[in-house]
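Working notes for the structure below.
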Amino acid sequence: MKLVRKDIEKDNAGQVTLVPEEPEDMWHTYNLVQVGDSLRASTIRKVQTESSTGSVGSNRVRTTLTLCVETIDFDSQACQLRVKGTNIQENEYVKMGAYHTIELEPNRQFTLAKKQWDSVVLERIEQACDPAWSADVAAVVMQEGLAHICLVTPSMTLTRAKVEVNIPRKRKGNCSQHDRALERFYEQVVQAIQRHINFDIVKCILVASPGFVREQFCDYMFQQAVKTDNKLLLENRSKFLQVHASSGHKYSLKEALCDPTVASRLSDTKAAGEVKALDDFYKMLQHEPDRAFYGLKQVEKANEAMAIDTLLISDELFRHQDVATRSRYVRLVDSVKENAGSVRIFSSLHVSGEQLGQLTGVAAILRFPVPELSDQEDDSSSEED
């Protein structure tokens with residue numbers, strides 16, 4: 001993301017002009033734009049024209065519109081963002097108050113104006129414009145007959161390909177059908193890796209599976225690469241890292257990212273940090289439940305006691321339509337930072353963010369036990385009974 005201009009007043013009202021440069025920047029933009037904002041961007045409008053003879057025709061013209069945002073639609077697979085709203089600035093083609101949908105595109109700038117720029121949104125702009133936050137991890141999560149090829153960016157886990165091949169069982173004295181199907185499966189996975197992974201950007205490719213599937217696959221891949229003189233795979237051999245996962249499904253990626261060898265290799269990426277924070281929370285919940293809270297009310301009470309060491313919160317909560325609710329989450333984040341706590345904002349498109357969403361989207365690891373809050377919760381539940 002490129003920041004062209006930033007004009008924000010002391011009362012936090014103002015506007016920023018940005019240029020999305022990569023597909024992931026559209027996800028950042030989705031998290032910046034909120035209902036009630038003003039969005040100015042170039043767009044295509046179908047315009048009716050009447051000739052001197054009275055015949056009516058239509059043609060498409062490119063024009064710049066300023067909309068008051070009403071609905072926002074994001075396609076995570078295509079990384080496309082459509083913003084619908086009413087025109088609020090005079091235009092020769094579009095009447096004031098007329099509805100229009102702008103499709104924001106990479107490499108085309110837009111200007112976003114807000115009455116109130118909060119700290120969470122401003123921090124996201126900083127992160128989006130920092131090249132160090134770019135995508136650099138890929139993963140192949142597999143089991144016999146099933147594989148997912150994923151890109152792990154700082155903000156989301158994108159499934160780029162799914163390979164499924166029916167593998168017949170081995171039979172006594174005849175394994176040829178099983179072996180041929182397995183070879184066909186491996187070959188399709190290799191093709192998907194070459195098609196969907198950009199080796200110039202990605203610095204590490206995780207190959208995760210149960211049992212010996214990953215070793216057998218990597219042996220096959222590099223044997224074939226030597227036979228066919230596939231320089232792309234041979235030159236990037238050192239980037240492949242084999243780790244354990246319980247299955248070939250996407251959710252098993254979390255286990256792979258938790259692996260200590262992976263964590264050390266990816267120590268500077270946001271994805272690994274999120275996974276570690278969630279893993280620490282689950283461990284604390286199991287061993288010291290008085291130091292692991294989730295749910296907004298409980299976490300807010302822990303914050304009032306200045307007990308929060310690490311706040312885990314989903315970015316989905318900051319897209320809440322109700323301004324007062326959204327502001328409540330922002331105040332919580334600001335307060336935890338003021339009390340010297342750390343804040344981890346999880347992407348709802350990440351496997352770790354999906355799991356945090358199942359815990360209401362907000363959780364906290366505490367500096368010290370706060371048993372009285374747990375007691376209050378027990379008392380209230382017994383009163384309800």
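In the structure tokens, each chain is lettered A, B, ... as it comes, each chain's residues begin at 1, and ligands are numbered from 1 in order of appearance.
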For Tyr282 (chain A), list every protein, DNA or RNA residue within 12 Å, evaluated using only C-alpha atoms, and leave out those in the same chain fewer than 4 positions away; present the list as a ChimeraX atom specification. /A:275-278,286-289,291-294,312,352,355-356,359,363-365
I need the alpha helix (DSSP H) residues of region 145-258 of chain A per DSSP on the backbone, written as a PyMOL selection string. chain A and resi 176-196+213-228+231-235+253-258
How would the residues just chosen look if you wrote them out with N, CA and C atoms as a short mmCIF file (atom, residue, chain, number, x, y, z; two decimals), in the first residue's frame?
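Result file again-v5.cif:
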data_model
loop_
_atom_site.label_atom_id
_atom_site.label_comp_id
_atom_site.auth_asym_id
_atom_site.auth_seq_id
_atom_site.Cartn_x
_atom_site.Cartn_y
_atom_site.Cartn_z
N SER A 176 0.11 -51.78 -7.37
CA SER A 176 0.34 -50.93 -8.55
C SER A 176 -0.71 -49.82 -8.66
N GLN A 177 -1.99 -50.13 -8.42
CA GLN A 177 -3.04 -49.10 -8.53
C GLN A 177 -2.83 -47.99 -7.51
N HIS A 178 -2.51 -48.41 -6.27
CA HIS A 178 -2.25 -47.45 -5.19
C HIS A 178 -1.07 -46.55 -5.54
N ASP A 179 0.02 -47.15 -6.01
CA ASP A 179 1.24 -46.39 -6.32
C ASP A 179 1.03 -45.43 -7.49
N ARG A 180 0.30 -45.88 -8.52
CA ARG A 180 0.04 -45.00 -9.68
C ARG A 180 -0.82 -43.81 -9.28
N ALA A 181 -1.85 -44.07 -8.45
CA ALA A 181 -2.73 -42.97 -8.00
C ALA A 181 -1.95 -41.99 -7.13
N LEU A 182 -1.07 -42.51 -6.28
CA LEU A 182 -0.27 -41.66 -5.40
C LEU A 182 0.68 -40.79 -6.21
N GLU A 183 1.27 -41.37 -7.25
CA GLU A 183 2.18 -40.62 -8.12
C GLU A 183 1.43 -39.51 -8.86
N ARG A 184 0.22 -39.85 -9.32
CA ARG A 184 -0.62 -38.84 -10.01
C ARG A 184 -0.97 -37.70 -9.05
N PHE A 185 -1.27 -38.05 -7.79
CA PHE A 185 -1.58 -37.04 -6.76
C PHE A 185 -0.37 -36.13 -6.51
N TYR A 186 0.81 -36.74 -6.32
CA TYR A 186 2.02 -35.95 -6.09
C TYR A 186 2.30 -35.00 -7.25
N GLU A 187 2.12 -35.49 -8.47
CA GLU A 187 2.40 -34.68 -9.65
C GLU A 187 1.47 -33.46 -9.71
N GLN A 188 0.19 -33.66 -9.36
CA GLN A 188 -0.76 -32.53 -9.36
C GLN A 188 -0.39 -31.49 -8.29
N VAL A 189 0.10 -31.97 -7.14
CA VAL A 189 0.51 -31.05 -6.08
C VAL A 189 1.73 -30.23 -6.53
N VAL A 190 2.69 -30.90 -7.18
CA VAL A 190 3.88 -30.20 -7.70
C VAL A 190 3.47 -29.12 -8.69
N GLN A 191 2.54 -29.46 -9.59
CA GLN A 191 2.06 -28.48 -10.59
C GLN A 191 1.40 -27.29 -9.89
N ALA A 192 0.61 -27.57 -8.86
CA ALA A 192 -0.08 -26.49 -8.13
C ALA A 192 0.92 -25.59 -7.41
N ILE A 193 1.97 -26.18 -6.85
CA ILE A 193 3.02 -25.38 -6.18
C ILE A 193 3.66 -24.42 -7.17
N GLN A 194 4.02 -24.93 -8.33
CA GLN A 194 4.70 -24.08 -9.34
C GLN A 194 3.76 -23.00 -9.89
N ARG A 195 2.46 -23.33 -9.95
CA ARG A 195 1.50 -22.37 -10.51
C ARG A 195 1.16 -21.26 -9.53
N HIS A 196 1.10 -21.57 -8.24
CA HIS A 196 0.54 -20.61 -7.28
C HIS A 196 1.55 -19.97 -6.32
N VAL A 213 4.04 -38.88 4.79
CA VAL A 213 3.55 -38.34 3.51
C VAL A 213 4.44 -37.22 3.01
N ARG A 214 4.82 -36.29 3.90
CA ARG A 214 5.63 -35.13 3.50
C ARG A 214 7.01 -35.56 2.97
N GLU A 215 7.64 -36.55 3.68
CA GLU A 215 8.96 -37.01 3.23
C GLU A 215 8.86 -37.67 1.85
N GLN A 216 7.84 -38.54 1.68
CA GLN A 216 7.68 -39.25 0.41
C GLN A 216 7.39 -38.26 -0.72
N PHE A 217 6.56 -37.23 -0.42
CA PHE A 217 6.23 -36.24 -1.44
C PHE A 217 7.47 -35.44 -1.85
N CYS A 218 8.23 -34.97 -0.85
CA CYS A 218 9.42 -34.16 -1.15
C CYS A 218 10.46 -34.97 -1.92
N ASP A 219 10.62 -36.25 -1.56
CA ASP A 219 11.54 -37.13 -2.30
C ASP A 219 11.11 -37.23 -3.76
N TYR A 220 9.79 -37.45 -3.97
CA TYR A 220 9.26 -37.55 -5.34
C TYR A 220 9.50 -36.24 -6.10
N MET A 221 9.15 -35.11 -5.45
CA MET A 221 9.23 -33.81 -6.13
C MET A 221 10.65 -33.51 -6.61
N PHE A 222 11.64 -33.73 -5.74
CA PHE A 222 13.01 -33.37 -6.12
C PHE A 222 13.67 -34.41 -7.03
N GLN A 223 13.23 -35.67 -6.94
CA GLN A 223 13.71 -36.67 -7.92
C GLN A 223 13.23 -36.31 -9.32
N GLN A 224 11.95 -35.90 -9.41
CA GLN A 224 11.40 -35.49 -10.70
C GLN A 224 12.07 -34.21 -11.20
N ALA A 225 12.37 -33.30 -10.26
CA ALA A 225 13.04 -32.03 -10.63
C ALA A 225 14.41 -32.30 -11.23
N VAL A 226 15.13 -33.29 -10.67
CA VAL A 226 16.46 -33.65 -11.21
C VAL A 226 16.30 -34.27 -12.60
N LYS A 227 15.32 -35.17 -12.74
CA LYS A 227 15.09 -35.84 -14.03
C LYS A 227 14.75 -34.85 -15.13
N THR A 228 13.88 -33.87 -14.79
CA THR A 228 13.40 -32.91 -15.80
C THR A 228 14.21 -31.62 -15.83
N LYS A 231 14.85 -26.19 -12.80
CA LYS A 231 15.73 -25.28 -12.04
C LYS A 231 14.97 -24.50 -10.98
N LEU A 232 13.71 -24.19 -11.25
CA LEU A 232 12.90 -23.42 -10.29
C LEU A 232 12.83 -24.15 -8.95
N LEU A 233 12.53 -25.45 -8.98
CA LEU A 233 12.43 -26.22 -7.75
C LEU A 233 13.80 -26.50 -7.14
N LEU A 234 14.77 -26.84 -7.97
CA LEU A 234 16.10 -27.18 -7.47
C LEU A 234 16.79 -25.99 -6.81
N GLU A 235 16.64 -24.79 -7.40
CA GLU A 235 17.27 -23.59 -6.85
C GLU A 235 16.62 -23.15 -5.53
N LEU A 253 -3.01 -26.17 9.52
CA LEU A 253 -1.91 -25.22 9.31
C LEU A 253 -1.48 -24.58 10.62
N LYS A 254 -2.44 -24.42 11.54
CA LYS A 254 -2.10 -23.82 12.85
C LYS A 254 -1.05 -24.66 13.57
N GLU A 255 -1.20 -26.00 13.51
CA GLU A 255 -0.22 -26.89 14.15
C GLU A 255 1.16 -26.71 13.54
N ALA A 256 1.19 -26.58 12.21
CA ALA A 256 2.47 -26.42 11.52
C ALA A 256 3.16 -25.11 11.92
N LEU A 257 2.37 -24.05 12.04
CA LEU A 257 2.93 -22.74 12.41
C LEU A 257 3.40 -22.72 13.87
N CYS A 258 2.86 -23.63 14.69
CA CYS A 258 3.26 -23.72 16.11
C CYS A 258 4.58 -24.47 16.29
#
From the list A:Lys84, A:Ala147, A:Met26, A:Thr64, the nearest residue to Pro106 (chain A) using only C-alpha atoms is A:Met26
Non-local contacts of Leu104 (chain A) (9 Å; only C-alpha atoms; under 2 positions in same chain excluded) as a ChimeraX atom specification: /A:20,26,29,41-43,80-83,102,106,108-110
Can you pull out every residue within 7 Å of Tyr99 (chain A), counting only C-alpha atoms, but drop anything in the same chain fewer than 5 positions away, and send it as a list in words? Gly85, Thr86 and Asn87 of chain A
Could those residues be written to a file, using N, CA and C atoms, as a PDB file, in the first residue's frame?
ATOM      1  N   GLY A  85     -22.832   3.430  -2.342  1.00  0.00           N
ATOM      2  CA  GLY A  85     -23.279   4.582  -1.569  1.00  0.00           C
ATOM      3  C   GLY A  85     -23.917   5.622  -2.461  1.00  0.00           C
ATOM      4  N   THR A  86     -24.245   6.766  -1.868  1.00  0.00           N
ATOM      5  CA  THR A  86     -24.889   7.847  -2.624  1.00  0.00           C
ATOM      6  C   THR A  86     -23.874   8.930  -2.962  1.00  0.00           C
ATOM      7  N   ASN A  87     -24.029   9.503  -4.140  1.00  0.00           N
ATOM      8  CA  ASN A  87     -23.132  10.576  -4.582  1.00  0.00           C
ATOM      9  C   ASN A  87     -23.361  11.845  -3.746  1.00  0.00           C
TER      10      ASN A  87
END
Surrounding residues of Arg319 (chain A) excluding itself and chain neighbours under 4 positions, 12 Å, only C-alpha atoms, as an NGL selection string: :A and (28-35 or 71-73 or 120-121 or 314-315 or 323-327 or 329-330 or 347-348)
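Of the listed residues A:Glu164, A:Asp75, A:Asp25, A:Glu105, the one whose atoms come nearest to Asp130 (chain A) is A:Asp25, with distances taken using only C-alpha atoms.
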Picked from region 91-275 of chain A by DSSP as strand (DSSP E or B), as a PyMOL selection string: chain A and resi 99-104+110-114+137-143+146-152+156-164+171+174+204-209+240-244
Filtering to N, CA and C atoms, could you give me those residues as a compact mmCIF listing (two decimals), in the first residue's frame?
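Done, and the output landed in result35.txt:
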# COMPACT_ATOMS: atom_id res chain seq x y z
N TYR A 99 -27.45 6.60 -6.41
CA TYR A 99 -26.65 5.46 -5.94
C TYR A 99 -25.62 5.05 -6.98
N HIS A 100 -24.49 4.58 -6.50
CA HIS A 100 -23.45 4.07 -7.40
C HIS A 100 -22.60 3.08 -6.61
N THR A 101 -22.00 2.11 -7.31
CA THR A 101 -21.08 1.17 -6.69
C THR A 101 -19.69 1.35 -7.30
N ILE A 102 -18.72 1.63 -6.45
CA ILE A 102 -17.34 1.77 -6.89
C ILE A 102 -16.60 0.46 -6.60
N GLU A 103 -15.92 -0.07 -7.60
CA GLU A 103 -15.07 -1.25 -7.39
C GLU A 103 -13.64 -0.76 -7.28
N LEU A 104 -13.10 -0.82 -6.08
CA LEU A 104 -11.72 -0.37 -5.86
C LEU A 104 -10.76 -1.37 -6.48
N PHE A 110 -7.42 6.14 -4.21
CA PHE A 110 -8.70 6.56 -3.66
C PHE A 110 -8.43 7.45 -2.45
N THR A 111 -9.43 8.28 -2.13
CA THR A 111 -9.32 9.16 -0.95
C THR A 111 -10.45 8.80 0.01
N LEU A 112 -10.10 8.54 1.25
CA LEU A 112 -11.07 8.15 2.27
C LEU A 112 -11.12 9.22 3.36
N ALA A 113 -12.31 9.75 3.61
CA ALA A 113 -12.49 10.77 4.64
C ALA A 113 -13.36 10.23 5.77
N LYS A 114 -12.96 10.54 7.01
CA LYS A 114 -13.72 10.12 8.19
C LYS A 114 -13.90 11.30 9.13
N VAL A 137 5.33 -16.38 3.25
CA VAL A 137 5.22 -17.78 3.67
C VAL A 137 4.16 -18.50 2.82
N ALA A 138 4.50 -19.71 2.38
CA ALA A 138 3.52 -20.56 1.69
C ALA A 138 3.47 -21.88 2.44
N ALA A 139 2.40 -22.62 2.25
CA ALA A 139 2.25 -23.90 2.95
C ALA A 139 1.53 -24.91 2.06
N VAL A 140 2.00 -26.16 2.13
CA VAL A 140 1.32 -27.28 1.50
C VAL A 140 0.90 -28.22 2.63
N VAL A 141 -0.40 -28.21 2.95
CA VAL A 141 -0.92 -29.08 4.02
C VAL A 141 -1.54 -30.29 3.34
N MET A 142 -1.01 -31.49 3.65
CA MET A 142 -1.43 -32.64 2.85
C MET A 142 -1.57 -33.94 3.66
N GLN A 143 -2.34 -34.85 3.09
CA GLN A 143 -2.43 -36.25 3.51
C GLN A 143 -2.61 -37.04 2.22
N LEU A 146 -5.27 -35.76 -0.49
CA LEU A 146 -5.81 -34.42 -0.25
C LEU A 146 -4.68 -33.44 0.08
N ALA A 147 -4.68 -32.29 -0.59
CA ALA A 147 -3.66 -31.26 -0.31
C ALA A 147 -4.26 -29.87 -0.49
N HIS A 148 -3.86 -28.95 0.39
CA HIS A 148 -4.22 -27.53 0.26
C HIS A 148 -2.94 -26.73 0.08
N ILE A 149 -2.88 -25.92 -0.96
CA ILE A 149 -1.74 -25.02 -1.18
C ILE A 149 -2.18 -23.63 -0.73
N CYS A 150 -1.53 -23.10 0.30
CA CYS A 150 -1.95 -21.84 0.91
C CYS A 150 -0.84 -20.80 0.88
N LEU A 151 -1.23 -19.54 0.83
CA LEU A 151 -0.31 -18.43 1.04
C LEU A 151 -0.63 -17.83 2.39
N VAL A 152 0.37 -17.70 3.24
CA VAL A 152 0.18 -17.15 4.58
C VAL A 152 0.76 -15.74 4.59
N MET A 156 -3.84 -12.67 6.30
CA MET A 156 -4.81 -13.71 5.99
C MET A 156 -4.15 -14.99 5.48
N THR A 157 -4.90 -16.08 5.55
CA THR A 157 -4.47 -17.34 4.95
C THR A 157 -5.31 -17.56 3.70
N LEU A 158 -4.68 -17.53 2.54
CA LEU A 158 -5.40 -17.68 1.27
C LEU A 158 -5.19 -19.08 0.72
N THR A 159 -6.27 -19.81 0.50
CA THR A 159 -6.16 -21.13 -0.14
C THR A 159 -6.10 -20.91 -1.65
N ARG A 160 -4.95 -21.20 -2.23
CA ARG A 160 -4.75 -20.97 -3.66
C ARG A 160 -5.15 -22.17 -4.51
N ALA A 161 -5.05 -23.38 -3.94
CA ALA A 161 -5.44 -24.58 -4.69
C ALA A 161 -5.78 -25.72 -3.74
N LYS A 162 -6.70 -26.56 -4.18
CA LYS A 162 -7.05 -27.77 -3.44
C LYS A 162 -6.92 -28.94 -4.40
N VAL A 163 -6.12 -29.93 -4.02
CA VAL A 163 -5.90 -31.10 -4.88
C VAL A 163 -6.52 -32.32 -4.19
N GLU A 164 -7.41 -32.99 -4.91
CA GLU A 164 -8.04 -34.21 -4.38
C GLU A 164 -7.94 -35.32 -5.41
N ARG A 171 -3.36 -53.61 -1.82
CA ARG A 171 -3.85 -54.99 -1.73
C ARG A 171 -2.67 -55.95 -1.70
N ASN A 174 -0.45 -56.76 -4.74
CA ASN A 174 -0.70 -55.83 -5.85
C ASN A 174 -0.89 -54.41 -5.33
N CYS A 204 9.80 -19.13 2.56
CA CYS A 204 9.69 -20.43 3.22
C CYS A 204 8.41 -21.13 2.77
N ILE A 205 8.54 -22.41 2.39
CA ILE A 205 7.36 -23.21 2.03
C ILE A 205 7.26 -24.37 3.01
N LEU A 206 6.20 -24.37 3.82
CA LEU A 206 5.99 -25.44 4.77
C LEU A 206 5.32 -26.62 4.07
N VAL A 207 5.84 -27.81 4.28
CA VAL A 207 5.18 -29.01 3.78
C VAL A 207 4.77 -29.80 5.02
N ALA A 208 3.47 -29.80 5.31
CA ALA A 208 2.96 -30.36 6.56
C ALA A 208 2.04 -31.54 6.28
N SER A 209 2.21 -32.61 7.07
CA SER A 209 1.36 -33.80 6.87
C SER A 209 1.49 -34.71 8.08
N PHE A 240 12.07 -25.24 1.34
CA PHE A 240 11.06 -26.21 1.76
C PHE A 240 11.39 -26.72 3.16
N LEU A 241 10.40 -26.67 4.03
CA LEU A 241 10.58 -27.09 5.42
C LEU A 241 9.49 -28.10 5.78
N GLN A 242 9.89 -29.30 6.17
CA GLN A 242 8.93 -30.36 6.47
C GLN A 242 8.55 -30.32 7.96
N VAL A 243 7.23 -30.31 8.22
CA VAL A 243 6.74 -30.27 9.60
C VAL A 243 5.52 -31.19 9.74
N HIS A 244 5.18 -31.51 10.98
CA HIS A 244 4.04 -32.40 11.24
C HIS A 244 2.72 -31.63 11.25
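Of the listed residues A:Val94, A:Val69, A:Leu122, A:Ile201, the one whose atoms come nearest to Ile8 (chain A) is A:Leu122, with distances taken using only C-alpha atoms.
Proximity ranking of A:Val370, A:Met96, A:Leu285, A:Ile345 relative to Ile308 (chain A) places A:Val370 first, based on only C-alpha atoms.
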